[in-house]
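Here's the structure we're looking at; comments come further down.
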Protein chains: 2
Amino acid sequence: MPRPAVPREEIVDRLGEVFRRHGYEGASLKLLSGATGLGRSSLYHYFPNGKEDMAEAVLDQAEAWGANTLGPVLASDAAPEEKARRVVAAFDDFYSGGKRSCLLELFAIGDARDVFGDRVAQRLTTLTQILARIAEEAGHAAPDAARRAEAAMVAIHGGLVVSRGLGDTAPFRRALDTLPDTLIR
Amino acid sequence: MPRPAVPREEIVDRLGEVFRRHGYEGASLKLLSGATGLGRSSLYHYFPNGKEDMAEAVLDQAEAWGANTLGPVLASDAAPEEKARRVVAAFDDFYSGGKRSCLLELFAIGDARDVFGDRVAQRLTTLTQILARIAEEAGHAAPDAARRAEAAMVAIHGGLVVSRGLGDTAPFRRALDTLPDTLIR
DNA sequence: GTCTATAGGAAGATAGAC
DNA sequence: GTCTATCTTCCTATAGAC
């Protein structure tokens with residue numbers, strides 16, 4: 001494993017940007033190549049299965065973010081209100097304040113759905129459970145906590161969609177603002 | 001204008017299903033042709049500018065739905081609560097209870113965004129204003145009504161995204177259930 | 001690891017016969 | 001209106017030299 005000039009993490013980051021902006025089918029090798037500065041051949045060197053491998057790597061990275069960022073928040077002994085606040089900040093950062101789209105949304109369309117559909121569903125479920133956990137810690141019974149977590153997921157993704165459609169991050173930010181109350185109050 | 005065997009409305013309907021399922025770039029002429037039963041040449045006969053014209057027609061039809069369905073609800077002299085209830089029923093029907101995706105979401109990605117981005121933004125704005133109108137009739141001041149309408153739009157589109165990702169319409173339906181309260185209470 | 005070259009297919013779109 | 005045939009461009013993917 002020789003180390004490349006550009007760290008793999010950075011490469012996957014740039015691939016992710018293309019997938020987020022153009023969706024799976026719209027992310028052509030030309031775009032992927034241009035965004036990373038790697039020629040087609042180099043891309044196939046790093047990702048032998050081509051586009052599918054690249055998308056997989058981007059999803060891996062997003063899941064790693066969840067484990068590394070949300071995990072510690074959950075494991076901390078902070079109050080539920082504080083945990084909610086930190087989770088909101090994490091999502092705000094992850095989606096660049098509403099400028100980025102969510103891969104789980106884009107990979108549930110067309111051909112990508114056939115390949116990544118199960119993984120998307122599992123990831124949405126996991127994230128919902130994390131949020132539900134916080135609602136439970138705030139004293140809500142499991143079924144109520146689950147509903148609150150679902151509403152929070154709906155707000156996050158709806159905020160992203162509306163913000164993208166309007167070309168204005170304000171709706172996403174306002175949606176995030178309501179999250180702590182949605183989960184806890 | 002000779003009349004075709006299949007009414008144009010039905011053709012546009014079927015085109016819409018392909019766009020909703022595969023997005024703009026994923027909706028190939030092959031899929032579009034198969035879904036309508038029309039050969040490529042026939043499609044170009046109806047839509048001289050190809051895919052772009054087809055997508056335009058689908059958007060036109062969606063806007064017509066808005067004028068024909070939401071318009072009368074708004075114009076009626078029903079109570080705001082009843083209007084909200086009817087609007088929710090209309091959205092539920094339009095999105096087939098959560099099984100359909102929203103074109104405004106899909107057409108804000110990749111190449112489609114360059115062509116339809118402005119129209120998407122305008123449509124989202126119009127729909128938000130319609131919802132805000134109901135909130136105002138329920139007694140909320142304009143800024144508050146606008147925030148409530150935005151939250152409703154976020155809930156609708158977030159519900160669609162989460163439902164699609166999970167392959168389960170329940171989140172969308174629960175999101176719709178909260179709409180009247182979001183707009184009015 | 002990166003390059004050039006290219007295969008092989010699918011994409012969108014058009015032309016002309018019927 | 002629909003058909004067949006065709007054009008061009010773009011796509012993913014691979015091969016082999018360096």
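Numbering starts fresh at 1 for the residues of each chain in the structure tokens, the chains themselves are lettered A, B, ... in the order given, and ligands are numbered from 1 as they appear.
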
Check your understanding: chain A residues within 6 Å of chain B, counting only C-alpha atoms: which ones, as a ChimeraX atom specification?
Key -> /A:21-22,108-110,121,154-155,157-159,165-166

For DC10 in chain D, find every residue with an atom within 10 Å (counting only C-alpha atoms (C1' of nucleotides)), except residues of its own chain fewer than 4 positions away, and show them as a CSV table (one decimal) with C-alpha atoms (C1' of nucleotides), in the first residue's frame.
```
chain,number,residue,atom,x,y,z
A,28,SER,CA,-19.9,10.6,-14.6
A,30,LYS,CA,-15.4,12.6,-16.3
C,10,DA,C1',-25.7,3.1,-24.5
C,11,DA,C1',-27.1,7.7,-24.6
C,12,DG,C1',-29.8,11.6,-27.1
```

Review point. DT4 in chain C: which residues within 12 Å, counting only C-alpha atoms (C1' of nucleotides), same-chain residues fewer than 3 positions away excluded, as number ranges by chain?
Key: A: 39-41; D: 15-18

Go ahead and dump the residues you just picked, N, CA, C and O atoms (P, O5', C5', C4', C3', O3' and C1' of nucleotides), as an mmCIF file, in the first residue's frame.
```cif
data_model
loop_
_atom_site.group_PDB
_atom_site.id
_atom_site.type_symbol
_atom_site.label_atom_id
_atom_site.label_comp_id
_atom_site.auth_asym_id
_atom_site.auth_seq_id
_atom_site.Cartn_x
_atom_site.Cartn_y
_atom_site.Cartn_z
ATOM 1 N N GLY A 39 -6.705 10.842 -13.158
ATOM 2 C CA GLY A 39 -7.182 10.344 -14.439
ATOM 3 C C GLY A 39 -8.062 9.120 -14.242
ATOM 4 O O GLY A 39 -8.109 8.543 -13.161
ATOM 5 N N ARG A 40 -8.767 8.763 -15.317
ATOM 6 C CA ARG A 40 -9.633 7.595 -15.220
ATOM 7 C C ARG A 40 -8.888 6.368 -14.701
ATOM 8 O O ARG A 40 -9.358 5.649 -13.822
ATOM 9 N N SER A 41 -7.721 6.149 -15.266
ATOM 10 C CA SER A 41 -6.948 4.954 -14.903
ATOM 11 C C SER A 41 -6.606 4.947 -13.415
ATOM 12 O O SER A 41 -6.643 3.915 -12.759
ATOM 13 P P DA D 15 -8.346 -6.240 -19.464
ATOM 14 O "O5'" DA D 15 -7.269 -5.729 -20.532
ATOM 15 C "C5'" DA D 15 -7.703 -5.239 -21.806
ATOM 16 C "C4'" DA D 15 -6.489 -4.748 -22.585
ATOM 17 C "C3'" DA D 15 -5.163 -5.338 -22.097
ATOM 18 O "O3'" DA D 15 -4.333 -5.620 -23.212
ATOM 19 C "C1'" DA D 15 -5.114 -2.971 -21.893
ATOM 20 P P DG D 16 -2.974 -6.424 -22.963
ATOM 21 O "O5'" DG D 16 -1.887 -5.265 -23.041
ATOM 22 C "C5'" DG D 16 -1.909 -4.369 -24.152
ATOM 23 C "C4'" DG D 16 -0.917 -3.258 -23.912
ATOM 24 C "C3'" DG D 16 0.408 -3.725 -23.280
ATOM 25 O "O3'" DG D 16 1.472 -2.981 -23.862
ATOM 26 C "C1'" DG D 16 -0.508 -2.040 -21.974
ATOM 27 P P DA D 17 3.009 -3.365 -23.545
ATOM 28 O "O5'" DA D 17 3.718 -1.951 -23.601
ATOM 29 C "C5'" DA D 17 3.390 -1.035 -24.643
ATOM 30 C "C4'" DA D 17 3.666 0.390 -24.192
ATOM 31 C "C3'" DA D 17 5.082 0.575 -23.623
ATOM 32 O "O3'" DA D 17 5.623 1.815 -24.087
ATOM 33 C "C1'" DA D 17 3.451 1.215 -22.006
ATOM 34 P P DC D 18 7.166 2.110 -23.806
ATOM 35 O "O5'" DC D 18 7.147 2.901 -22.443
ATOM 36 C "C5'" DC D 18 6.744 4.271 -22.402
ATOM 37 C "C4'" DC D 18 6.683 4.716 -20.959
ATOM 38 C "C3'" DC D 18 8.012 4.594 -20.200
ATOM 39 O "O3'" DC D 18 8.584 5.883 -20.013
ATOM 40 C "C1'" DC D 18 6.126 3.979 -18.874
#
```

Practice item. Using CA of Leu43 in chain B and C1' of DT2 in chain D as the two end points, give the distance in Å to one decimal. Key: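 For CA of Leu43 in chain B relative to C1' of DT2 in chain D, the distance reads 10.1 Å.
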
Exercise for review: Specify as a PyMOL selection string all residues of chain A found within 9 Å of chain D, counting only C-alpha atoms (C1' of nucleotides).
Suggested key: chain A and resi 28-29+44+50-51

Store the residues picked out above in a file with N, CA and C atoms, as a short mmCIF file (atom, residue, chain, number, x, y, z; two decimals), in the first residue's frame.
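out26.cif, freshly written:
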```
data_model
loop_
_atom_site.label_atom_id
_atom_site.label_comp_id
_atom_site.auth_asym_id
_atom_site.auth_seq_id
_atom_site.Cartn_x
_atom_site.Cartn_y
_atom_site.Cartn_z
N SER A 28 -20.61 11.34 -13.56
CA SER A 28 -19.87 10.62 -14.59
C SER A 28 -18.40 10.51 -14.19
N LEU A 29 -17.70 9.55 -14.78
CA LEU A 29 -16.28 9.39 -14.50
C LEU A 29 -15.53 10.66 -14.87
N TYR A 44 -9.54 3.95 -11.38
CA TYR A 44 -9.76 2.49 -11.39
C TYR A 44 -8.68 1.77 -10.59
N GLY A 50 -14.84 0.58 -10.16
CA GLY A 50 -15.35 1.81 -10.73
C GLY A 50 -16.29 2.59 -9.84
N LYS A 51 -17.29 3.17 -10.46
CA LYS A 51 -18.21 4.08 -9.79
C LYS A 51 -18.84 3.47 -8.54
#
```

**Study point:** helix (DSSP H, G or I) positions in range 136-180 of chain B, given as a PyMOL selection string
**Key:** chain B and resi 136-137+142-166+170-180

Please produce a file of those selected residues containing N, CA and C atoms, as a short mmCIF file (atom, residue, chain, number, x, y, z; two decimals), in the first residue's frame.
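Final output, selection-v7.cif:
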```
data_model
loop_
_atom_site.label_atom_id
_atom_site.label_comp_id
_atom_site.auth_asym_id
_atom_site.auth_seq_id
_atom_site.Cartn_x
_atom_site.Cartn_y
_atom_site.Cartn_z
N GLU B 136 -52.46 32.21 7.79
CA GLU B 136 -52.89 33.58 8.06
C GLU B 136 -54.39 33.64 8.34
N GLU B 137 -55.14 32.85 7.56
CA GLU B 137 -56.59 32.83 7.79
C GLU B 137 -56.92 32.29 9.17
N ALA B 142 -48.35 37.42 9.37
CA ALA B 142 -47.64 37.00 8.15
C ALA B 142 -46.30 36.31 8.42
N PRO B 143 -45.42 36.87 9.23
CA PRO B 143 -44.11 36.22 9.42
C PRO B 143 -44.26 34.85 10.07
N ASP B 144 -45.13 34.77 11.06
CA ASP B 144 -45.37 33.49 11.73
C ASP B 144 -45.99 32.50 10.75
N ALA B 145 -46.93 32.96 9.97
CA ALA B 145 -47.58 32.09 8.98
C ALA B 145 -46.57 31.56 7.98
N ALA B 146 -45.64 32.41 7.59
CA ALA B 146 -44.62 31.99 6.62
C ALA B 146 -43.72 30.91 7.22
N ARG B 147 -43.38 31.07 8.48
CA ARG B 147 -42.55 30.05 9.14
C ARG B 147 -43.30 28.73 9.25
N ARG B 148 -44.56 28.81 9.55
CA ARG B 148 -45.37 27.60 9.66
C ARG B 148 -45.49 26.90 8.30
N ALA B 149 -45.68 27.68 7.27
CA ALA B 149 -45.80 27.10 5.93
C ALA B 149 -44.48 26.44 5.53
N GLU B 150 -43.39 27.09 5.86
CA GLU B 150 -42.09 26.50 5.56
C GLU B 150 -41.92 25.18 6.29
N ALA B 151 -42.29 25.15 7.54
CA ALA B 151 -42.19 23.91 8.32
C ALA B 151 -43.06 22.82 7.70
N ALA B 152 -44.19 23.20 7.17
CA ALA B 152 -45.07 22.22 6.53
C ALA B 152 -44.42 21.67 5.26
N MET B 153 -43.82 22.54 4.47
CA MET B 153 -43.12 22.11 3.26
C MET B 153 -41.97 21.17 3.61
N VAL B 154 -41.27 21.52 4.67
CA VAL B 154 -40.16 20.68 5.14
C VAL B 154 -40.68 19.30 5.55
N ALA B 155 -41.80 19.29 6.24
CA ALA B 155 -42.36 18.01 6.69
C ALA B 155 -42.80 17.15 5.50
N ILE B 156 -43.43 17.77 4.53
CA ILE B 156 -43.89 17.02 3.35
C ILE B 156 -42.71 16.38 2.63
N HIS B 157 -41.70 17.19 2.33
CA HIS B 157 -40.58 16.68 1.52
C HIS B 157 -39.66 15.78 2.33
N GLY B 158 -39.50 16.10 3.60
CA GLY B 158 -38.73 15.21 4.45
C GLY B 158 -39.42 13.87 4.60
N GLY B 159 -40.73 13.91 4.74
CA GLY B 159 -41.50 12.67 4.85
C GLY B 159 -41.33 11.82 3.60
N LEU B 160 -41.35 12.47 2.45
CA LEU B 160 -41.18 11.74 1.20
C LEU B 160 -39.80 11.09 1.13
N VAL B 161 -38.78 11.84 1.50
CA VAL B 161 -37.41 11.33 1.44
C VAL B 161 -37.22 10.15 2.39
N VAL B 162 -37.65 10.32 3.61
CA VAL B 162 -37.47 9.26 4.60
C VAL B 162 -38.28 8.02 4.20
N SER B 163 -39.48 8.24 3.73
CA SER B 163 -40.30 7.10 3.32
C SER B 163 -39.67 6.36 2.15
N ARG B 164 -39.16 7.10 1.20
CA ARG B 164 -38.53 6.46 0.06
C ARG B 164 -37.29 5.68 0.50
N GLY B 165 -36.50 6.29 1.35
CA GLY B 165 -35.28 5.64 1.81
C GLY B 165 -35.55 4.38 2.59
N LEU B 166 -36.62 4.39 3.37
CA LEU B 166 -36.93 3.22 4.19
C LEU B 166 -37.79 2.21 3.43
N ALA B 170 -45.07 4.93 5.98
CA ALA B 170 -45.55 5.40 7.29
C ALA B 170 -44.98 6.77 7.69
N PRO B 171 -43.67 7.00 7.55
CA PRO B 171 -43.16 8.32 7.94
C PRO B 171 -43.83 9.47 7.20
N PHE B 172 -44.08 9.28 5.92
CA PHE B 172 -44.75 10.34 5.16
C PHE B 172 -46.16 10.58 5.70
N ARG B 173 -46.86 9.51 5.95
CA ARG B 173 -48.23 9.67 6.44
C ARG B 173 -48.27 10.34 7.81
N ARG B 174 -47.32 9.96 8.65
CA ARG B 174 -47.28 10.60 9.97
C ARG B 174 -46.90 12.08 9.83
N ALA B 175 -46.02 12.38 8.87
CA ALA B 175 -45.65 13.78 8.66
C ALA B 175 -46.87 14.59 8.21
N LEU B 176 -47.66 13.98 7.33
CA LEU B 176 -48.87 14.68 6.87
C LEU B 176 -49.84 14.92 8.03
N ASP B 177 -49.91 13.94 8.92
CA ASP B 177 -50.83 14.07 10.06
C ASP B 177 -50.55 15.30 10.91
N THR B 178 -49.28 15.67 10.95
CA THR B 178 -48.91 16.81 11.81
C THR B 178 -49.17 18.16 11.12
N LEU B 179 -49.42 18.11 9.82
CA LEU B 179 -49.52 19.37 9.07
C LEU B 179 -50.58 20.35 9.57
N PRO B 180 -51.81 19.89 9.80
CA PRO B 180 -52.82 20.87 10.26
C PRO B 180 -52.38 21.61 11.51
#
```

Review point. Which of these, B:Ala79, B:Ala67, B:Val73, B:Leu31, has the shortest distance to chain C once you count only C-alpha atoms (C1' of nucleotides)?
Key: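 Under the stated criterion, the closest residue is B:Leu31.
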
Check your understanding: Using only C-alpha atoms (C1' of nucleotides), which residues sit within 8 Å of Lys83 in chain A once same-chain residues fewer than 5 positions away are excluded, as a PyMOL selection string?
Key -> chain A and resi 73-74+78+134

Generate a file of the selected residues that holds N, CA, C and O atoms, formatted as a PDB file, in the first residue's frame.
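Resulting contents of selection-v6.pdb:
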```
ATOM      1  N   VAL A  73     -20.811  11.791  21.295  1.00  0.00           N
ATOM      2  CA  VAL A  73     -21.862  12.625  21.886  1.00  0.00           C
ATOM      3  C   VAL A  73     -22.816  11.758  22.685  1.00  0.00           C
ATOM      4  O   VAL A  73     -23.178  12.064  23.828  1.00  0.00           O
ATOM      5  N   LEU A  74     -23.190  10.663  22.068  1.00  0.00           N
ATOM      6  CA  LEU A  74     -24.134   9.752  22.713  1.00  0.00           C
ATOM      7  C   LEU A  74     -23.533   9.139  23.974  1.00  0.00           C
ATOM      8  O   LEU A  74     -24.218   8.970  24.995  1.00  0.00           O
ATOM      9  N   ALA A  78     -23.324  14.028  29.159  1.00  0.00           N
ATOM     10  CA  ALA A  78     -23.995  15.322  29.101  1.00  0.00           C
ATOM     11  C   ALA A  78     -25.503  15.139  29.233  1.00  0.00           C
ATOM     12  O   ALA A  78     -26.031  14.047  29.018  1.00  0.00           O
ATOM     13  N   ILE A 134     -31.646   9.705  22.485  1.00  0.00           N
ATOM     14  CA  ILE A 134     -31.607  10.978  23.204  1.00  0.00           C
ATOM     15  C   ILE A 134     -32.989  11.339  23.760  1.00  0.00           C
ATOM     16  O   ILE A 134     -33.112  11.789  24.902  1.00  0.00           O
TER      17      ILE A 134
END
```

Could you name the residues that touch Glu52 in chain A at 9 Å or less, counting only C-alpha atoms (C1' of nucleotides), but leaving out those on the same chain fewer than 4 positions away, as a PDB file with N, CA, C and O atoms, in the first residue's frame?
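Writing the result to selection.pdb gives the following:
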```
ATOM      1  N   PHE A  47     -10.136   2.336  -7.131  1.00  0.00           N
ATOM      2  CA  PHE A  47     -11.476   1.743  -6.998  1.00  0.00           C
ATOM      3  C   PHE A  47     -11.728   0.782  -8.153  1.00  0.00           C
ATOM      4  O   PHE A  47     -12.354   1.154  -9.148  1.00  0.00           O
ATOM      5  N   GLU A  56     -19.444   3.459  -2.732  1.00  0.00           N
ATOM      6  CA  GLU A  56     -19.331   2.658  -1.517  1.00  0.00           C
ATOM      7  C   GLU A  56     -18.364   3.336  -0.538  1.00  0.00           C
ATOM      8  O   GLU A  56     -18.648   3.436   0.662  1.00  0.00           O
ATOM      9  N   ALA A  57     -17.244   3.794  -1.063  1.00  0.00           N
ATOM     10  CA  ALA A  57     -16.245   4.455  -0.211  1.00  0.00           C
ATOM     11  C   ALA A  57     -16.804   5.726   0.401  1.00  0.00           C
ATOM     12  O   ALA A  57     -16.536   6.045   1.567  1.00  0.00           O
ATOM     13  N   ALA A 112     -29.139   3.382  -8.654  1.00  0.00           N
ATOM     14  CA  ALA A 112     -28.427   3.376  -7.375  1.00  0.00           C
ATOM     15  C   ALA A 112     -29.247   2.680  -6.308  1.00  0.00           C
ATOM     16  O   ALA A 112     -28.702   2.004  -5.428  1.00  0.00           O
ATOM     17  N   VAL A 115     -28.628  -0.970  -5.970  1.00  0.00           N
ATOM     18  CA  VAL A 115     -27.353  -1.341  -5.360  1.00  0.00           C
ATOM     19  C   VAL A 115     -27.266  -0.921  -3.889  1.00  0.00           C
ATOM     20  O   VAL A 115     -26.792  -1.687  -3.045  1.00  0.00           O
TER      21      VAL A 115
END
```

Review point. If you count only C-alpha atoms (C1' of nucleotides), which residues fall within 10 Å of Gln61 in chain A, apart from same-chain ones fewer than 4 positions away, as a list in words?
Key: Glu9, Val12, Asp13, Gly16, Ala55, Glu56, Ala57, Trp65, Gly66 and Ala67 of chain A
